[in-house]
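Chemist: Have a look at this one before I ask anything.
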Amino acid sequence: MTRPELWLVILGGALATFAVRLSFIALIPPDRLPDSVRRGLRLVPPAVLSAIILPGLLSPAGHLAMSLDNDRLWAGLLATLVAWRTRSTWLTIAVGMLALWGLGLF
Amino acid sequence: MTAASPPAAPPPATPRSEFLAGARDQLPLLLGVVPFGLIFGALAVAAGIPALEAQGLSVFVFAGSSQFVAIGLVAAETPALLIVATILVVNLRHMLYSAALGPHVQALSLRWKIPLAWLLTDEAFAMASLRYQKEDRRTAHWYFLGTGLTLWASWQLSTLAGIVLGARIPENWSLDFALPLTFLAILVPQLKDRPSVLSALVAGGLSVALIAMPLKLGLMAAILGGVATGAGLETLTRRRAAERESRQ
C-alpha cells in the first residue's frame, strides 16, 4: 500500500470513528437509538473479529488448507483454548507463538 | 468542643481536582491498555507500515481494536476505502457510549463536546459513566477530560515504544501471527451467550467461504451475515420467552 493510501485509511478511519462518537453527543438527540439497533451493535465485534481470524488460520495462502501441516491452524486452536480458559492476552499470544515455532521445527 | 459536631463535608470539587481524579482513576485500566499499545506498535511495523503512519493511526483513529483490524487489512492488500468502512463498522459500538453519555453533556458547548467525543473510548466511557452516576455533576466533564486525556497520552507513548521495539524484532520470528492471536484474545471473552457465538461462527464461516470475492467484499458480507443471524436468534429467543410468560 502506498503512503498516500495509508493516510487515506488513517484520516478516513479517524473521521468515521469521530462521527460515530460525536453522533449522540452533538448530532442526534440520545433518545433516538432504537432498542433493536442497540442489541445488534453488541454482536458486531465478535462477528468482525471472527471474520478476520478464520480465513487467516484456515487459508493462510488464500486457499483452504485444513490439513495436518497447517501449523497456524493448530497453533490457533491451542491459543483459543488458552484464551477461553485463562482470559489472558499475554498467555494467548505466548502459547500461540511458541506453538507455531514448535510446530515449525518438525 | 462538643462531641456531636457533624462530620466535615468533603471539599467542593474544582475543575482541577476533577481532572486529577479522572486521571488517577484511569491508572488501573492502563495495565490493560499499555500492553495493547506496545503490541499494536510492534505489529504495525511487522505489517510493513512506516513508523509515522503507525503512530498516525494511534493519534487520529485512537480506537484499539479497529487499529489492529486496519493493520491486518493493510497487510492483506485490502483497498483503502474498504478498510475505512471496516474501521467504521468495528467502531459502531461507540454509538452506544455516545447515546449513554449524550444526555449528561447536552448543556456543554461544542468546544467541550468535540474533544470529549474524540476521547470517547471503551476505557474513558467506563470511568466517565461511573462518575456521572455520582452526585454533583456540575464539574464532571473535567473528570471525563482528565480520564480521556490520560488514556490518550498512554496510548501514544505505548504505541511509540512498540514501534521502536518492533523495528528490532527479526522477520523470521513470524511476528505477524501475533495479530490473529491478539484478535483471539479479544474475541473469546466476548462469546458470552448463544447470539454472540452464532454471530462469530456464521461470520467466520462466511468469511472463509467468500474469500475469493473481489475487493475483499466477502469480509463485509460475512460481518453482516453474522450480525443478522445472531440478532435473528436473539429476537426469536425473546419472542419465545415473552410467549411463555403470556401463557402463564
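Going by the C-alpha cells order, chains are called A, B, ..., each with residues numbered from 1, while ligands are numbered from 1 in the order shown.
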Residues at most 7 Å from A:Met1, counting only C-alpha atoms, excluding those fewer than 3 positions away in the same chain, as a list of chain:residue names?

Modeler: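 Residues near the query, excluding close chain neighbours: A:Glu5, A:Leu6, B:Val74, B:Glu77.
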
Chemist: With a distance cut-off of 8 Å and only C-alpha atoms, select the neighbouring residues of B:Leu219, excluding the residue or stretch itself and same-chain residues fewer than 5 positions from it, and output the selection as a PyMOL selection string.

Modeler: (chain A and resi 51-52) or (chain B and resi 207+210-211)

Chemist: Would you mind writing down, as a PyMOL selection string, each residue of stretch 14-157 of chain B that DSSP on the backbone assigns to helix (DSSP H, G or I)?

Modeler: chain B and resi 15-46+51-61+64-75+80-91+94-105+110-118+122-132+140-157

Chemist: Quick check: residues of chain A within 7 Å of chain B, only C-alpha atoms, returned as a ChimeraX atom specification.

Modeler: /A:1,5,8-14,16-18,20-26,30,38,40-51,53-55,76,79-80,83-84,87-89,92-93,96-97

Chemist: Just to be explicit: take each residue in the selection above, keep C-alpha atoms, and write the result as an mmCIF file, in the first residue's frame.

Modeler:
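What ended up in out-v5.cif:
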```
data_model
loop_
_atom_site.group_PDB
_atom_site.id
_atom_site.type_symbol
_atom_site.label_atom_id
_atom_site.label_comp_id
_atom_site.auth_asym_id
_atom_site.auth_seq_id
_atom_site.Cartn_x
_atom_site.Cartn_y
_atom_site.Cartn_z
ATOM 1 C CA MET A 1 0.000 0.000 0.000
ATOM 2 C CA GLU A 5 -3.322 5.386 0.530
ATOM 3 C CA LEU A 8 -6.461 7.894 3.379
ATOM 4 C CA VAL A 9 -7.013 4.931 5.723
ATOM 5 C CA ILE A 10 -5.809 6.934 8.762
ATOM 6 C CA LEU A 11 -7.770 10.133 8.145
ATOM 7 C CA GLY A 12 -10.847 8.371 6.750
ATOM 8 C CA GLY A 13 -10.855 5.946 9.678
ATOM 9 C CA ALA A 14 -10.373 8.829 12.125
ATOM 10 C CA ALA A 16 -15.582 7.795 10.640
ATOM 11 C CA THR A 17 -14.729 6.937 14.255
ATOM 12 C CA PHE A 18 -15.126 10.539 15.394
ATOM 13 C CA VAL A 20 -19.760 7.732 15.489
ATOM 14 C CA ARG A 21 -18.549 9.048 18.850
ATOM 15 C CA LEU A 22 -19.982 12.511 18.251
ATOM 16 C CA SER A 23 -23.328 11.146 16.992
ATOM 17 C CA PHE A 24 -25.464 11.220 20.127
ATOM 18 C CA ILE A 25 -23.280 13.767 21.925
ATOM 19 C CA ALA A 26 -23.807 16.590 19.441
ATOM 20 C CA PRO A 30 -29.848 10.494 22.502
ATOM 21 C CA ARG A 38 -28.713 -1.304 20.490
ATOM 22 C CA GLY A 40 -27.422 -5.567 17.081
ATOM 23 C CA LEU A 41 -24.386 -3.386 17.844
ATOM 24 C CA ARG A 42 -23.340 -5.723 20.640
ATOM 25 C CA LEU A 43 -22.891 -8.532 18.104
ATOM 26 C CA VAL A 44 -20.667 -6.560 15.716
ATOM 27 C CA PRO A 45 -17.266 -7.031 17.420
ATOM 28 C CA PRO A 46 -17.471 -10.848 17.668
ATOM 29 C CA ALA A 47 -18.586 -11.049 14.021
ATOM 30 C CA VAL A 48 -15.793 -8.766 12.747
ATOM 31 C CA LEU A 49 -13.046 -10.443 14.741
ATOM 32 C CA SER A 50 -14.103 -13.941 13.751
ATOM 33 C CA ALA A 51 -14.452 -12.949 10.077
ATOM 34 C CA ILE A 53 -9.295 -14.523 12.197
ATOM 35 C CA LEU A 54 -10.735 -17.608 10.494
ATOM 36 C CA PRO A 55 -9.513 -17.001 6.913
ATOM 37 C CA GLY A 76 -4.583 -21.011 16.649
ATOM 38 C CA ALA A 79 -4.409 -20.374 21.584
ATOM 39 C CA THR A 80 -8.237 -20.375 21.506
ATOM 40 C CA ALA A 83 -7.876 -17.639 25.717
ATOM 41 C CA TRP A 84 -11.018 -19.463 26.820
ATOM 42 C CA ARG A 87 -8.777 -14.826 29.500
ATOM 43 C CA SER A 88 -5.170 -13.606 29.370
ATOM 44 C CA THR A 89 -3.967 -11.745 26.276
ATOM 45 C CA THR A 92 -2.765 -16.451 24.499
ATOM 46 C CA ILE A 93 -0.103 -14.740 22.390
ATOM 47 C CA GLY A 96 0.218 -19.408 20.198
ATOM 48 C CA MET A 97 3.657 -18.121 19.143
#
```

Chemist: Considering only C-alpha atoms, can you say which of B:Pro12, B:Gly146, B:Gly41, B:Gly22 comes closest to B:Leu165?

Modeler: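 Smallest separation from B:Leu165 among the options: B:Gly41.
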